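Structure file final-v5.pdb (PDB, C-alpha atoms, pLDDT in the B column) is printed below.
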```
ATOM      1  CA  MET A   1      78.015  83.420 -24.456  1.00 61.00           C
ATOM      2  CA  SER A   2      76.249  80.093 -24.675  1.00 69.00           C
ATOM      3  CA  PHE A   3      74.678  77.597 -22.345  1.00 75.00           C
ATOM      4  CA  ASN A   4      76.474  74.238 -22.492  1.00 81.00           C
ATOM      5  CA  ARG A   5      77.215  71.112 -20.454  1.00 84.00           C
ATOM      6  CA  ASP A   6      79.664  72.939 -18.185  1.00 85.00           C
ATOM      7  CA  SER A   7      77.052  75.603 -17.472  1.00 89.00           C
ATOM      8  CA  LEU A   8      74.575  72.927 -16.413  1.00 91.00           C
ATOM      9  CA  VAL A   9      77.141  71.279 -14.118  1.00 92.00           C
ATOM     10  CA  ALA A  10      78.036  74.663 -12.607  1.00 93.00           C
ATOM     11  CA  LEU A  11      74.375  75.459 -11.936  1.00 95.00           C
ATOM     12  CA  CYS A  12      73.914  72.063 -10.263  1.00 95.00           C
ATOM     13  CA  LEU A  13      76.952  72.733  -8.075  1.00 95.00           C
ATOM     14  CA  ILE A  14      75.637  76.174  -7.125  1.00 96.00           C
ATOM     15  CA  LEU A  15      72.232  74.689  -6.216  1.00 97.00           C
ATOM     16  CA  ALA A  16      73.927  71.924  -4.205  1.00 96.00           C
ATOM     17  CA  SER A  17      75.999  74.533  -2.363  1.00 96.00           C
ATOM     18  CA  GLY A  18      72.849  76.478  -1.547  1.00 96.00           C
ATOM     19  CA  GLY A  19      71.137  73.339  -0.279  1.00 96.00           C
ATOM     20  CA  LEU A  20      74.140  72.428   1.856  1.00 95.00           C
ATOM     21  CA  MET A  21      74.257  75.953   3.265  1.00 95.00           C
ATOM     22  CA  LEU A  22      70.598  75.713   4.254  1.00 95.00           C
ATOM     23  CA  ALA A  23      71.247  72.306   5.811  1.00 95.00           C
ATOM     24  CA  SER A  24      74.146  73.746   7.821  1.00 92.00           C
ATOM     25  CA  PHE A  25      71.668  75.886   9.761  1.00 92.00           C
ATOM     26  CA  GLU A  26      70.192  72.655  11.148  1.00 91.00           C
ATOM     27  CA  ILE A  27      73.434  71.824  12.976  1.00 88.00           C
ATOM     28  CA  ARG A  28      72.834  71.968  16.712  1.00 87.00           C
ATOM     29  CA  GLU A  29      74.610  74.773  18.561  1.00 83.00           C
ATOM     30  CA  PRO A  30      76.034  73.627  21.906  1.00 80.00           C
ATOM     31  CA  ASP A  31      76.179  75.910  24.926  1.00 78.00           C
ATOM     32  CA  TYR A  32      79.934  75.524  25.323  1.00 76.00           C
ATOM     33  CA  GLY A  33      82.929  76.299  23.131  1.00 69.00           C
ATOM     34  CA  VAL A  34      83.952  79.284  21.115  1.00 73.00           C
ATOM     35  CA  LEU A  35      83.699  77.997  17.559  1.00 75.00           C
ATOM     36  CA  SER A  36      80.347  76.845  16.248  1.00 81.00           C
ATOM     37  CA  PRO A  37      80.205  73.262  14.913  1.00 83.00           C
ATOM     38  CA  ALA A  38      78.760  74.673  11.683  1.00 86.00           C
ATOM     39  CA  ALA A  39      81.670  77.060  11.080  1.00 87.00           C
ATOM     40  CA  TRP A  40      83.964  74.692   9.153  1.00 86.00           C
ATOM     41  CA  PRO A  41      81.216  73.208   6.959  1.00 91.00           C
ATOM     42  CA  ARG A  42      79.988  76.699   6.079  1.00 93.00           C
ATOM     43  CA  ILE A  43      83.495  77.858   5.167  1.00 93.00           C
ATOM     44  CA  ILE A  44      83.928  74.867   2.851  1.00 94.00           C
ATOM     45  CA  ILE A  45      80.455  75.386   1.353  1.00 95.00           C
ATOM     46  CA  ILE A  46      81.223  79.058   0.677  1.00 96.00           C
ATOM     47  CA  ILE A  47      84.486  78.115  -1.045  1.00 96.00           C
ATOM     48  CA  ILE A  48      82.771  75.457  -3.171  1.00 96.00           C
ATOM     49  CA  GLY A  49      79.955  77.878  -4.025  1.00 95.00           C
ATOM     50  CA  GLY A  50      82.407  80.607  -5.017  1.00 96.00           C
ATOM     51  CA  LEU A  51      84.391  78.218  -7.199  1.00 96.00           C
ATOM     52  CA  SER A  52      81.138  77.042  -8.775  1.00 95.00           C
ATOM     53  CA  VAL A  53      80.208  80.624  -9.671  1.00 96.00           C
ATOM     54  CA  ILE A  54      83.644  81.080 -11.263  1.00 95.00           C
ATOM     55  CA  TYR A  55      83.093  77.807 -13.145  1.00 93.00           C
ATOM     56  CA  LEU A  56      79.717  79.092 -14.398  1.00 93.00           C
ATOM     57  CA  ILE A  57      81.229  82.356 -15.615  1.00 92.00           C
ATOM     58  CA  GLN A  58      84.047  80.524 -17.384  1.00 91.00           C
ATOM     59  CA  SER A  59      81.613  78.081 -18.966  1.00 88.00           C
ATOM     60  CA  PHE A  60      79.867  80.937 -20.742  1.00 86.00           C
ATOM     61  CA  ASN A  61      83.146  82.134 -22.242  1.00 82.00           C
ATOM     62  CA  THR A  62      84.328  78.821 -23.695  1.00 73.00           C
ATOM     63  CA  LEU A  63      83.240  77.036 -26.806  1.00 67.00           C
ATOM     64  CA  GLN A  64      81.999  73.528 -26.180  1.00 58.00           C
ATOM     65  CA  LYS A  65      83.750  71.084 -28.476  1.00 63.00           C
ATOM     66  CA  ASP A  66      83.292  67.365 -28.161  1.00 56.00           C
ATOM     67  CA  ILE A  67      86.915  66.403 -28.708  1.00 59.00           C
ATOM     68  CA  SER A  68      86.877  63.323 -26.512  1.00 64.00           C
ATOM     69  CA  PRO A  69      87.102  60.200 -28.631  1.00 66.00           C
ATOM     70  CA  VAL A  70      84.570  57.471 -28.111  1.00 66.00           C
ATOM     71  CA  PRO A  71      86.209  54.427 -26.529  1.00 66.00           C
ATOM     72  CA  LYS A  72      86.505  51.335 -28.670  1.00 68.00           C
ATOM     73  CA  LYS A  73      84.132  48.509 -27.905  1.00 81.00           C
ATOM     74  CA  THR A  74      86.935  46.323 -26.554  1.00 86.00           C
ATOM     75  CA  LEU A  75      88.218  45.817 -23.032  1.00 86.00           C
ATOM     76  CA  LYS A  76      91.573  47.324 -23.999  1.00 86.00           C
ATOM     77  CA  GLY A  77      89.862  50.407 -25.438  1.00 83.00           C
ATOM     78  CA  PHE A  78      87.756  50.793 -22.317  1.00 84.00           C
ATOM     79  CA  VAL A  79      90.796  50.524 -20.023  1.00 85.00           C
ATOM     80  CA  LEU A  80      92.818  52.978 -22.139  1.00 86.00           C
ATOM     81  CA  TYR A  81      89.964  55.487 -22.188  1.00 85.00           C
ATOM     82  CA  TRP A  82      89.343  55.284 -18.401  1.00 87.00           C
ATOM     83  CA  ARG A  83      92.962  54.657 -17.281  1.00 90.00           C
ATOM     84  CA  ASN A  84      93.225  57.818 -15.140  1.00 91.00           C
ATOM     85  CA  VAL A  85      89.992  57.052 -13.299  1.00 92.00           C
ATOM     86  CA  ILE A  86      91.042  53.444 -12.754  1.00 94.00           C
ATOM     87  CA  ALA A  87      94.458  54.605 -11.517  1.00 93.00           C
ATOM     88  CA  VAL A  88      92.949  57.097  -9.039  1.00 95.00           C
ATOM     89  CA  PHE A  89      90.535  54.553  -7.541  1.00 96.00           C
ATOM     90  CA  SER A  90      93.245  51.875  -7.368  1.00 95.00           C
ATOM     91  CA  ILE A  91      95.737  54.194  -5.651  1.00 95.00           C
ATOM     92  CA  PHE A  92      93.049  55.396  -3.235  1.00 95.00           C
ATOM     93  CA  ALA A  93      92.113  51.802  -2.362  1.00 96.00           C
ATOM     94  CA  LEU A  94      95.772  51.033  -1.617  1.00 95.00           C
ATOM     95  CA  TYR A  95      95.967  54.208   0.468  1.00 94.00           C
ATOM     96  CA  LEU A  96      92.982  53.106   2.550  1.00 93.00           C
ATOM     97  CA  LEU A  97      94.507  49.661   3.058  1.00 94.00           C
ATOM     98  CA  ALA A  98      97.881  51.130   4.104  1.00 92.00           C
ATOM     99  CA  LEU A  99      96.483  53.880   6.355  1.00 91.00           C
ATOM    100  CA  PRO A 100      96.331  51.801   9.576  1.00 91.00           C
ATOM    101  CA  TYR A 101      99.975  50.810   9.105  1.00 91.00           C
ATOM    102  CA  LEU A 102     101.484  54.085   7.837  1.00 91.00           C
ATOM    103  CA  GLY A 103      99.357  56.621   9.670  1.00 89.00           C
ATOM    104  CA  MET A 104      97.876  59.851   8.407  1.00 87.00           C
ATOM    105  CA  LEU A 105     101.094  61.810   7.837  1.00 88.00           C
ATOM    106  CA  VAL A 106     103.165  59.221   5.976  1.00 90.00           C
ATOM    107  CA  GLY A 107     100.112  57.809   4.188  1.00 91.00           C
ATOM    108  CA  ASN A 108      99.024  61.215   2.893  1.00 92.00           C
ATOM    109  CA  ILE A 109     102.523  62.114   1.738  1.00 93.00           C
ATOM    110  CA  LEU A 110     102.870  58.842  -0.168  1.00 94.00           C
ATOM    111  CA  PHE A 111      99.331  59.034  -1.562  1.00 95.00           C
ATOM    112  CA  SER A 112      99.813  62.605  -2.790  1.00 94.00           C
ATOM    113  CA  PHE A 113     103.226  61.906  -4.281  1.00 95.00           C
ATOM    114  CA  ILE A 114     102.164  58.718  -6.067  1.00 94.00           C
ATOM    115  CA  LEU A 115      98.938  60.252  -7.381  1.00 95.00           C
ATOM    116  CA  LEU A 116     100.701  63.380  -8.645  1.00 94.00           C
ATOM    117  CA  THR A 117     103.396  61.297 -10.302  1.00 94.00           C
ATOM    118  CA  VAL A 118     101.012  58.850 -11.969  1.00 93.00           C
ATOM    119  CA  LEU A 119      98.697  61.588 -13.273  1.00 92.00           C
ATOM    120  CA  GLY A 120     101.282  64.323 -13.867  1.00 87.00           C
ATOM    121  CA  GLY A 121     104.123  62.358 -15.389  1.00 84.00           C
ATOM    122  CA  TRP A 122     107.597  61.379 -14.285  1.00 84.00           C
ATOM    123  CA  ASN A 123     109.347  64.598 -15.372  1.00 87.00           C
ATOM    124  CA  ALA A 124     108.531  66.692 -12.293  1.00 88.00           C
ATOM    125  CA  ILE A 125     109.233  64.233  -9.478  1.00 90.00           C
ATOM    126  CA  LEU A 126     110.923  66.863  -7.313  1.00 92.00           C
ATOM    127  CA  THR A 127     107.946  69.196  -7.716  1.00 93.00           C
ATOM    128  CA  HIS A 128     105.568  66.382  -6.800  1.00 93.00           C
ATOM    129  CA  LEU A 129     107.621  65.588  -3.707  1.00 93.00           C
ATOM    130  CA  VAL A 130     107.641  69.226  -2.568  1.00 94.00           C
ATOM    131  CA  ILE A 131     103.883  69.547  -3.100  1.00 94.00           C
ATOM    132  CA  ALA A 132     103.179  66.256  -1.287  1.00 94.00           C
ATOM    133  CA  LEU A 133     105.416  67.179   1.658  1.00 94.00           C
ATOM    134  CA  GLY A 134     104.117  70.759   1.880  1.00 94.00           C
ATOM    135  CA  ALA A 135     100.412  70.053   1.514  1.00 93.00           C
ATOM    136  CA  SER A 136     100.268  66.894   3.624  1.00 91.00           C
ATOM    137  CA  GLY A 137     102.692  68.174   6.247  1.00 89.00           C
ATOM    138  CA  GLY A 138     100.917  71.514   6.465  1.00 90.00           C
ATOM    139  CA  MET A 139      97.507  69.913   6.888  1.00 89.00           C
ATOM    140  CA  TRP A 140      98.915  67.498   9.481  1.00 89.00           C
ATOM    141  CA  LEU A 141     100.463  70.383  11.456  1.00 87.00           C
ATOM    142  CA  LEU A 142      97.236  72.383  11.242  1.00 86.00           C
ATOM    143  CA  PHE A 143      95.007  69.584  12.484  1.00 85.00           C
ATOM    144  CA  THR A 144      97.429  68.108  15.020  1.00 84.00           C
ATOM    145  CA  HIS A 145      98.877  71.203  16.664  1.00 85.00           C
ATOM    146  CA  VAL A 146      96.535  74.102  15.904  1.00 84.00           C
ATOM    147  CA  LEU A 147      93.136  72.395  16.008  1.00 80.00           C
ATOM    148  CA  GLU A 148      94.307  69.593  18.337  1.00 80.00           C
ATOM    149  CA  VAL A 149      92.524  66.875  16.383  1.00 81.00           C
ATOM    150  CA  PHE A 150      93.672  63.304  16.927  1.00 84.00           C
ATOM    151  CA  LEU A 151      94.645  61.871  13.548  1.00 83.00           C
ATOM    152  CA  PRO A 152      95.180  58.148  12.942  1.00 82.00           C
ATOM    153  CA  ARG A 153      98.671  56.979  13.892  1.00 84.00           C
ATOM    154  CA  GLY A 154     100.354  54.188  12.009  1.00 82.00           C
ATOM    155  CA  SER A 155     101.293  50.952  13.694  1.00 84.00           C
ATOM    156  CA  LEU A 156     104.557  50.896  11.707  1.00 83.00           C
ATOM    157  CA  THR A 157     105.475  54.583  11.813  1.00 76.00           C
ATOM    158  CA  GLY A 158     104.084  55.821  15.146  1.00 70.00           C
ATOM    159  CA  PHE A 159     102.779  59.105  13.709  1.00 67.00           C
TER     160      PHE A 159
END
```

Taking this structure as input, can you express it in the form of structure tokens?
Amino acid sequence: MSFNRDSLVALCLILASGGLMLASFEIREPDYGVLSPAAWPRIIIIIIGGLSVIYLIQSFNTLQKDISPVPKKTLKGFVLYWRNVIAVFSIFALYLLALPYLGMLVGNILFSFILLTVLGGWNAILTHLVIALGASGGMWLLFTHVLEVFLPRGSLTGF
């Protein structure tokens, strides 16, 4: 059991969760409605806090090895070292540009599928498609029909 970088990150996340939970008590409570406006943020904060505690516990049980190679001092080395980060930001930027045209449902499905495929490899395309359809479609159904939230519609797709 040792204190390492992951332990420090986990402690910062736990402190941030505590601060966010305290800030959620400052959300104004209206006189109407059944569900408090602070309910959803608190649920998310509790989940993040719980996962941070699990992260802290796991960080004590792992040995910290610095196995990440230092990137070469060239542009090619930099791009190769940070290729996943560059890919995620590039795909997200394209997603934001396409969102007004594709809408929330189609845009999320494509974003999830492309991101999973780029980061997870080309061998499990069917799995990526099922995850993208299930997660994006499920969230769209939840927000559109259960919570009755208006999500952005695409000018090309209509939903």

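Among the candidates A:Leu11, A:Leu129, A:Leu99, A:Ile46, the residue lying nearest to A:Ser24 is A:Ile46 (atoms considered: all atoms listed in the file).
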
Exercise for review: Evaluate the PyMOL selection byres ((chain A and resi 102) around 10) here and jot the selected residues down as JSON, numbers by chain.
Suggested key: {"A": [95, 97, 98, 99, 100, 101, 103, 104, 105, 106, 107, 108, 110, 152, 153, 154, 155, 156, 157, 158, 159]}

Could those residues be written to a file, using C-alpha atoms, as a PDB file, keeping the file's coordinate frame?
```pdb
ATOM      1  CA  TYR A  95      95.967  54.208   0.468  1.00 94.00           C
ATOM      2  CA  LEU A  97      94.507  49.661   3.058  1.00 94.00           C
ATOM      3  CA  ALA A  98      97.881  51.130   4.104  1.00 92.00           C
ATOM      4  CA  LEU A  99      96.483  53.880   6.355  1.00 91.00           C
ATOM      5  CA  PRO A 100      96.331  51.801   9.576  1.00 91.00           C
ATOM      6  CA  TYR A 101      99.975  50.810   9.105  1.00 91.00           C
ATOM      7  CA  GLY A 103      99.357  56.621   9.670  1.00 89.00           C
ATOM      8  CA  MET A 104      97.876  59.851   8.407  1.00 87.00           C
ATOM      9  CA  LEU A 105     101.094  61.810   7.837  1.00 88.00           C
ATOM     10  CA  VAL A 106     103.165  59.221   5.976  1.00 90.00           C
ATOM     11  CA  GLY A 107     100.112  57.809   4.188  1.00 91.00           C
ATOM     12  CA  ASN A 108      99.024  61.215   2.893  1.00 92.00           C
ATOM     13  CA  LEU A 110     102.870  58.842  -0.168  1.00 94.00           C
ATOM     14  CA  PRO A 152      95.180  58.148  12.942  1.00 82.00           C
ATOM     15  CA  ARG A 153      98.671  56.979  13.892  1.00 84.00           C
ATOM     16  CA  GLY A 154     100.354  54.188  12.009  1.00 82.00           C
ATOM     17  CA  SER A 155     101.293  50.952  13.694  1.00 84.00           C
ATOM     18  CA  LEU A 156     104.557  50.896  11.707  1.00 83.00           C
ATOM     19  CA  THR A 157     105.475  54.583  11.813  1.00 76.00           C
ATOM     20  CA  GLY A 158     104.084  55.821  15.146  1.00 70.00           C
ATOM     21  CA  PHE A 159     102.779  59.105  13.709  1.00 67.00           C
TER      22      PHE A 159
END
```

Exercise for review: Translate the PyMOL selection byres ((chain A and resi 113) around 6), as applied to the file shown, into an explicit residue set as JSON, numbers by chain.
Suggested key: {"A": [110, 111, 112, 114, 115, 116, 128, 129, 132]}

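Proximity of A:Leu147, A:Gln58, A:Ala39, A:Met21 to A:Val9, computed with only C-alpha atoms, is greatest for A:Gln58.
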
Check your understanding: Between atom CA of A:Ala10 and atom CA of A:Tyr55, what is the spacing in Å?
Key -> 6.0 Å

Point to revise | Among listed residues A:Gly77, A:Arg42, A:Asn123, A:Ile54, nearest A:Gly19 (using all atoms listed in the file) | key: A:Arg42

Practice item. One decimal, Å: what's the distance from atom CA of A:Trp122 over to atom CA of A:Ile91, could you say? Key: 16.3 Å

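For the residues A:Ile44, A:Ile109, A:Ile125, A:Leu15, ranking by smallest atom-to-atom distance to A:Trp140 using all atoms listed in the file places A:Ile109 first.
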
Point to revise | Straight-line distance linking atom CA of A:Phe60 with atom CA of A:Gly18, stated in Å to one decimal | key: 20.9 Å

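Among the candidates A:Asn4, A:Thr117, A:Asn84, A:Ser90, the residue lying nearest to A:Val130 is A:Thr117 (atoms considered: all atoms listed in the file).
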
Evaluate the PyMOL selection byres ((chain A and resi 27) around 12) here and jot the selected residues down as a short mmCIF file (atom, residue, chain, number, x, y, z; two decimals) with C-alpha atoms, in the coordinates of the input.
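Result file follows (out_14.cif):
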```cif
data_model
loop_
_atom_site.label_atom_id
_atom_site.label_comp_id
_atom_site.auth_asym_id
_atom_site.auth_seq_id
_atom_site.Cartn_x
_atom_site.Cartn_y
_atom_site.Cartn_z
CA LEU A 20 74.14 72.43 1.86
CA MET A 21 74.26 75.95 3.26
CA LEU A 22 70.60 75.71 4.25
CA ALA A 23 71.25 72.31 5.81
CA SER A 24 74.15 73.75 7.82
CA PHE A 25 71.67 75.89 9.76
CA GLU A 26 70.19 72.66 11.15
CA ARG A 28 72.83 71.97 16.71
CA GLU A 29 74.61 74.77 18.56
CA PRO A 30 76.03 73.63 21.91
CA SER A 36 80.35 76.84 16.25
CA PRO A 37 80.20 73.26 14.91
CA ALA A 38 78.76 74.67 11.68
CA ALA A 39 81.67 77.06 11.08
CA TRP A 40 83.96 74.69 9.15
CA PRO A 41 81.22 73.21 6.96
CA ARG A 42 79.99 76.70 6.08
#
```

**Study point:** Among listed residues A:Ile43, A:Leu56, A:Val79, A:Ala124, nearest A:Leu13 (using only C-alpha atoms)
**Key:** A:Leu56

Output, as JSON, the centre and edge lengths in Å (one decimal) of the axis-aligned box that contains all listed atoms of stretch 110-119 of chain A with 6 Å of margin on each side.
```
{"center_x": 101.0, "center_y": 61.0, "center_z": -6.7, "size_x": 16.7, "size_y": 16.7, "size_z": 25.1}
```

Starting from the sparse input, extend stretch 140-151 of chain A to N, CA, C and O atoms and give the output as a short mmCIF file (atom, residue, chain, number, x, y, z; two decimals), in the frame of the given file.
```
data_model
loop_
_atom_site.label_atom_id
_atom_site.label_comp_id
_atom_site.auth_asym_id
_atom_site.auth_seq_id
_atom_site.Cartn_x
_atom_site.Cartn_y
_atom_site.Cartn_z
N TRP A 140 98.69 68.27 8.26
CA TRP A 140 98.92 67.50 9.48
C TRP A 140 99.25 68.43 10.64
O TRP A 140 98.72 68.27 11.74
N LEU A 141 100.13 69.42 10.40
CA LEU A 141 100.46 70.38 11.46
C LEU A 141 99.24 71.18 11.89
O LEU A 141 99.02 71.41 13.08
N LEU A 142 98.44 71.61 10.92
CA LEU A 142 97.24 72.38 11.24
C LEU A 142 96.29 71.58 12.13
O LEU A 142 95.86 72.06 13.18
N PHE A 143 95.98 70.36 11.72
CA PHE A 143 95.01 69.58 12.48
C PHE A 143 95.57 69.07 13.80
O PHE A 143 94.87 69.02 14.80
N THR A 144 96.85 68.69 13.81
CA THR A 144 97.43 68.11 15.02
C THR A 144 97.75 69.15 16.08
O THR A 144 97.41 68.99 17.25
N HIS A 145 98.39 70.24 15.68
CA HIS A 145 98.88 71.20 16.66
C HIS A 145 97.98 72.44 16.84
O HIS A 145 97.85 72.94 17.95
N VAL A 146 97.37 72.91 15.79
CA VAL A 146 96.54 74.10 15.90
C VAL A 146 95.13 73.73 16.36
O VAL A 146 94.61 74.31 17.33
N LEU A 147 94.51 72.77 15.68
CA LEU A 147 93.14 72.40 16.01
C LEU A 147 93.06 71.28 17.04
O LEU A 147 91.99 70.97 17.54
N GLU A 148 94.19 70.67 17.35
CA GLU A 148 94.31 69.59 18.34
C GLU A 148 93.34 68.45 18.06
O GLU A 148 92.65 67.95 18.94
N VAL A 149 93.33 68.01 16.81
CA VAL A 149 92.52 66.88 16.38
C VAL A 149 93.42 65.64 16.39
O VAL A 149 94.55 65.67 15.93
N PHE A 150 92.92 64.54 16.92
CA PHE A 150 93.67 63.30 16.93
C PHE A 150 93.54 62.63 15.57
O PHE A 150 92.45 62.21 15.19
N LEU A 151 94.64 62.52 14.85
CA LEU A 151 94.64 61.87 13.55
C LEU A 151 95.15 60.44 13.71
O LEU A 151 95.91 60.14 14.63
#
```
